[in-house]
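Worksheet: one structure, shown below.
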Amino acid sequence: MSYSKATDLLRLADMAASRFEGVSLRDVAEEFGCDHRTAQRMTRAFETVFPNVDVQDDPERRRHWRLPRTDLRWLQAQGLRDGELASLDMAARRAERDGAPDEARRLRGVRDRLLAAMPPSQARRTEADAEALLEAQGFASRPGPRVVMDMKLLGTLTEALRAPWELKVSYRGAHDTRPTMRLLEPHGLLLGTRRYLIARPSDGDGIMRRFRLDRIEDAEITSRSFRRDADFDLTAHAARAFGSYHSESEYGPVVWRFAPEAAETARKFIFHPDQEITEEPDGSITVRFSASGLLEMAWHLYTWGDKVEVLAPESLREIVSQHRRSDFPSLP
């Protein structure tokens with residue numbers, strides 16, 4: 001059997017073990033880009049290599065191949081590939097860097113259990129190859145500034161979000177001379193330039209508010225649980241801001257035009273999840289979206305020098321008008 005065909009069978013084993021109903025001939029044809037006859041040959045070879053496969057026909061007489069999840073021989077046979085292990089490591093390090101220690105710990109747990117299912121010699125080789133891949137991709141020692149997080153505080157917030165439990169926090173607002181005690185019902189975390197807890201006051205008006213994590217001086221879980229707002233969508237809430245900061249008074253249409261010489265670079269950016277890009281006749285591009293957070297927009301626009309023009313809103317145009325430099329040697 002050729003190496004490519006062996007790899008395809010191992011991928012088929014992944015599919016047959018991970019899908020509750022198993023895989024059908026149509027699934028095989030779509031995954032591997034082959035015709036029906038080739039898919040049939042693959043499943044026959046699969047039955048030979050994995051004799052413990054469960055083959056069943058559904059009510060419409062379509063055959064499905066399912067590999068029992070309790071049998072780890074298929075995993076030992078194929079092993080965890082170095083690229084897959086590197087992806088798990090990368091996700092764990094990214095989670096840790098972005099202030100999600102619980103997620104990082106769970107990812108490492110999955111990594112360790114997968115390695116434990118492999119023969120020791122193969123596991124050691126895979127680990128070494130994955131580490132080399134991480135170094136080559138420049139992630140293991142990524143430079144750049146980042147906010148130092150209080151891991152104890154993050155652990156408390158994560159535990160409260162999981163239950164969910166009410167939080168009692170000591171919070172110092174931007175204009176507060178001393179911290180005040182607040183009772184909050186947490187609904188999510190936003191991890192960006194600044195990190196925010198999304199919560200509604202327990203005795204308030206039910207409106208979600210953002211609380212900067214670096215301004216929370218202390219937090220503890222109370223004995224009171226609460227019912228999450230079923231209509232609250234964290235992703236939609238986050239999209240109302242350009243970065244981390246959100247202000248309803250600033251929310252509205254945003255329009256930027258990038259000069260022709262910057263258009264190719266700008267096309268590679270996702271400035272906002274809901275952005276729309278228009279190609280202009282002169283080679284420039286216009287980017288449109290709706291969001292708030294004018295200061296964070298201004299910080300980002302500064303890096304483009306005079307290669308971007310703010311068409312809307314006028315308030316943002318005024319903020320950046322005196323700071324569009326022409327002497328930056330490169331684009332972001």
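We name chains A, B, ... following the order of the structure tokens; residues begin at 1 in each chain, and ligands are numbered from 1 as shown.
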
**Q.** Residues near segment 284-295 of chain A, cut-off 10 Å, only C-alpha atoms, skip fewer than 3 positions along chain, as a PyMOL selection string
**A.** chain A and resi 238-264+266-267+270-281+298-301+307-313+315-317+319-320

Q) Leaving out Arg63 of chain A and any residue of its chain fewer than 2 positions from it, which residues lie within 12 Å of it when counting only C-alpha atoms, given as a PyMOL selection string? A) chain A and resi 21-28+39-40+43+54-61+65-66

Q: Looking only at alpha helix (DSSP H) from DSSP on the backbone, list the matching residues of segment 125-274 of chain A as number ranges by chain.
A: A: 125-136, 151-162, 234-238, 260-267

Q) Of the candidates A:Glu30, A:Glu127, A:Glu185, A:Asp205, which one gets nearest to Leu157 of chain A if we count only C-alpha atoms? A)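 Using only C-alpha atoms, the shortest distance to Leu157 of chain A belongs to A:Glu185.
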
Backbone DSSP call of strand (DSSP E) for segment 248-282 of chain A, listed as a JSON list (two decimals) with N, CA and C atoms, in the first residue's frame:
```json
[["chain", "number", "residue", "atom", "x", "y", "z"],
["A", 252, "GLY", "N", -21.98, 53.52, 15.42],
["A", 252, "GLY", "CA", -22.56, 53.98, 14.17],
["A", 252, "GLY", "C", -21.70, 53.58, 12.99],
["A", 253, "PRO", "N", -22.08, 54.02, 11.78],
["A", 253, "PRO", "CA", -21.35, 53.65, 10.56],
["A", 253, "PRO", "C", -19.91, 54.19, 10.57],
["A", 254, "VAL", "N", -19.00, 53.36, 10.08],
["A", 254, "VAL", "CA", -17.59, 53.73, 9.95],
["A", 254, "VAL", "C", -17.18, 53.47, 8.51],
["A", 255, "VAL", "N", -16.51, 54.44, 7.89],
["A", 255, "VAL", "CA", -16.07, 54.29, 6.51],
["A", 255, "VAL", "C", -14.63, 54.76, 6.38],
["A", 256, "TRP", "N", -13.75, 53.88, 5.92],
["A", 256, "TRP", "CA", -12.34, 54.20, 5.70],
["A", 256, "TRP", "C", -11.98, 53.93, 4.24],
["A", 257, "ARG", "N", -11.16, 54.81, 3.67],
["A", 257, "ARG", "CA", -10.68, 54.57, 2.30],
["A", 257, "ARG", "C", -9.16, 54.45, 2.31],
["A", 258, "PHE", "N", -8.66, 53.32, 1.82],
["A", 258, "PHE", "CA", -7.24, 53.05, 1.77],
["A", 258, "PHE", "C", -6.69, 53.39, 0.38],
["A", 276, "GLU", "N", -17.59, 45.44, 4.95],
["A", 276, "GLU", "CA", -17.84, 45.34, 3.52],
["A", 276, "GLU", "C", -16.76, 46.13, 2.79],
["A", 277, "ILE", "N", -16.18, 45.54, 1.75],
["A", 277, "ILE", "CA", -15.09, 46.17, 1.01],
["A", 277, "ILE", "C", -15.56, 46.50, -0.40],
["A", 278, "THR", "N", -15.32, 47.73, -0.82],
["A", 278, "THR", "CA", -15.66, 48.17, -2.17],
["A", 278, "THR", "C", -14.39, 48.53, -2.92],
["A", 279, "GLU", "N", -14.22, 47.96, -4.10],
["A", 279, "GLU", "CA", -13.08, 48.27, -4.95],
["A", 279, "GLU", "C", -13.39, 49.55, -5.73]]
```

(Q) Report, in Å with one decimal, the straight-line distance from atom CA of Val169 of chain A to atom CA of Leu213 of chain A. (A) 10.5 Å

(Q) Give me the residues near Phe232 of chain A as an MDAnalysis selection string, where near means some atom within 9 Å (using only C-alpha atoms) and where sequence neighbours in that chain fewer than 4 positions away do not count. (A) chainID A and resid 187 208 228 236:237

So that I have them on file, write out the residues from the current selection with all heavy atoms, as a PDB file, in the first residue's frame.
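Saved to again-v5.pdb:
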```
ATOM      1  N   HIS A 187     -21.554  37.355  32.339  1.00  0.00           N
ATOM      2  CA  HIS A 187     -22.034  36.672  31.140  1.00  0.00           C
ATOM      3  C   HIS A 187     -20.933  36.379  30.128  1.00  0.00           C
ATOM      4  O   HIS A 187     -21.191  35.668  29.147  1.00  0.00           O
ATOM      5  CB  HIS A 187     -23.133  37.498  30.464  1.00  0.00           C
ATOM      6  CG  HIS A 187     -24.487  37.317  31.062  1.00  0.00           C
ATOM      7  ND1 HIS A 187     -24.786  37.734  32.338  1.00  0.00           N
ATOM      8  CD2 HIS A 187     -25.621  36.750  30.576  1.00  0.00           C
ATOM      9  CE1 HIS A 187     -26.060  37.447  32.610  1.00  0.00           C
ATOM     10  NE2 HIS A 187     -26.585  36.843  31.552  1.00  0.00           N
ATOM     11  N   MET A 208     -26.399  44.938  29.941  1.00  0.00           N
ATOM     12  CA  MET A 208     -25.038  44.423  30.062  1.00  0.00           C
ATOM     13  C   MET A 208     -24.033  45.581  30.027  1.00  0.00           C
ATOM     14  O   MET A 208     -24.162  46.508  29.222  1.00  0.00           O
ATOM     15  CB  MET A 208     -24.724  43.457  28.911  1.00  0.00           C
ATOM     16  CG  MET A 208     -25.558  42.203  28.923  1.00  0.00           C
ATOM     17  SD  MET A 208     -25.203  41.168  30.358  1.00  0.00           S
ATOM     18  CE  MET A 208     -26.529  39.951  30.191  1.00  0.00           C
ATOM     19  N   ARG A 228     -28.949  32.916  33.381  1.00  0.00           N
ATOM     20  CA  ARG A 228     -28.363  33.707  32.298  1.00  0.00           C
ATOM     21  C   ARG A 228     -29.451  34.269  31.381  1.00  0.00           C
ATOM     22  O   ARG A 228     -30.504  33.672  31.204  1.00  0.00           O
ATOM     23  CB  ARG A 228     -27.417  32.848  31.452  1.00  0.00           C
ATOM     24  CG  ARG A 228     -26.117  32.478  32.138  1.00  0.00           C
ATOM     25  CD  ARG A 228     -25.169  31.852  31.116  1.00  0.00           C
ATOM     26  NE  ARG A 228     -23.895  31.469  31.710  1.00  0.00           N
ATOM     27  CZ  ARG A 228     -23.618  30.283  32.195  1.00  0.00           C
ATOM     28  NH1 ARG A 228     -24.540  29.330  32.176  1.00  0.00           N
ATOM     29  NH2 ARG A 228     -22.431  30.010  32.709  1.00  0.00           N
ATOM     30  N   ALA A 236     -22.269  38.860  19.186  1.00  0.00           N
ATOM     31  CA  ALA A 236     -22.934  40.056  18.662  1.00  0.00           C
ATOM     32  C   ALA A 236     -22.610  41.275  19.525  1.00  0.00           C
ATOM     33  O   ALA A 236     -22.406  42.384  19.008  1.00  0.00           O
ATOM     34  CB  ALA A 236     -24.441  39.829  18.615  1.00  0.00           C
ATOM     35  N   HIS A 237     -22.537  41.071  20.830  1.00  0.00           N
ATOM     36  CA  HIS A 237     -22.199  42.172  21.736  1.00  0.00           C
ATOM     37  C   HIS A 237     -20.784  42.672  21.451  1.00  0.00           C
ATOM     38  O   HIS A 237     -20.550  43.882  21.389  1.00  0.00           O
ATOM     39  CB  HIS A 237     -22.314  41.688  23.179  1.00  0.00           C
ATOM     40  CG  HIS A 237     -22.014  42.748  24.192  1.00  0.00           C
ATOM     41  ND1 HIS A 237     -22.936  43.694  24.594  1.00  0.00           N
ATOM     42  CD2 HIS A 237     -20.877  43.018  24.893  1.00  0.00           C
ATOM     43  CE1 HIS A 237     -22.395  44.493  25.490  1.00  0.00           C
ATOM     44  NE2 HIS A 237     -21.139  44.107  25.693  1.00  0.00           N
TER      45      HIS A 237
END
```

Q. Which neighbours of Leu153 of chain A fall inside 9 Å, counting only C-alpha atoms, when residues of the same chain fewer than 6 positions from it are skipped, and could you give them as a list in words?
A.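 Listed by chain and then number, they are Leu213, Ile216, Glu217, Asp218, Ala219 and Glu220 of chain A.
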
(Q) One decimal, in Å: what's the spacing between atom CA of Arg182 of chain A and atom CA of Ser170 of chain A? (A)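 Atom CA of Ser170 of chain A lies 6.4 Å from atom CA of Arg182 of chain A.
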
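Take the candidates A:Ala230, A:Val49, A:Leu67, A:Leu85 and check each one against Arg124 of chain A using only C-alpha atoms; the shortest distance goes to A:Leu85.
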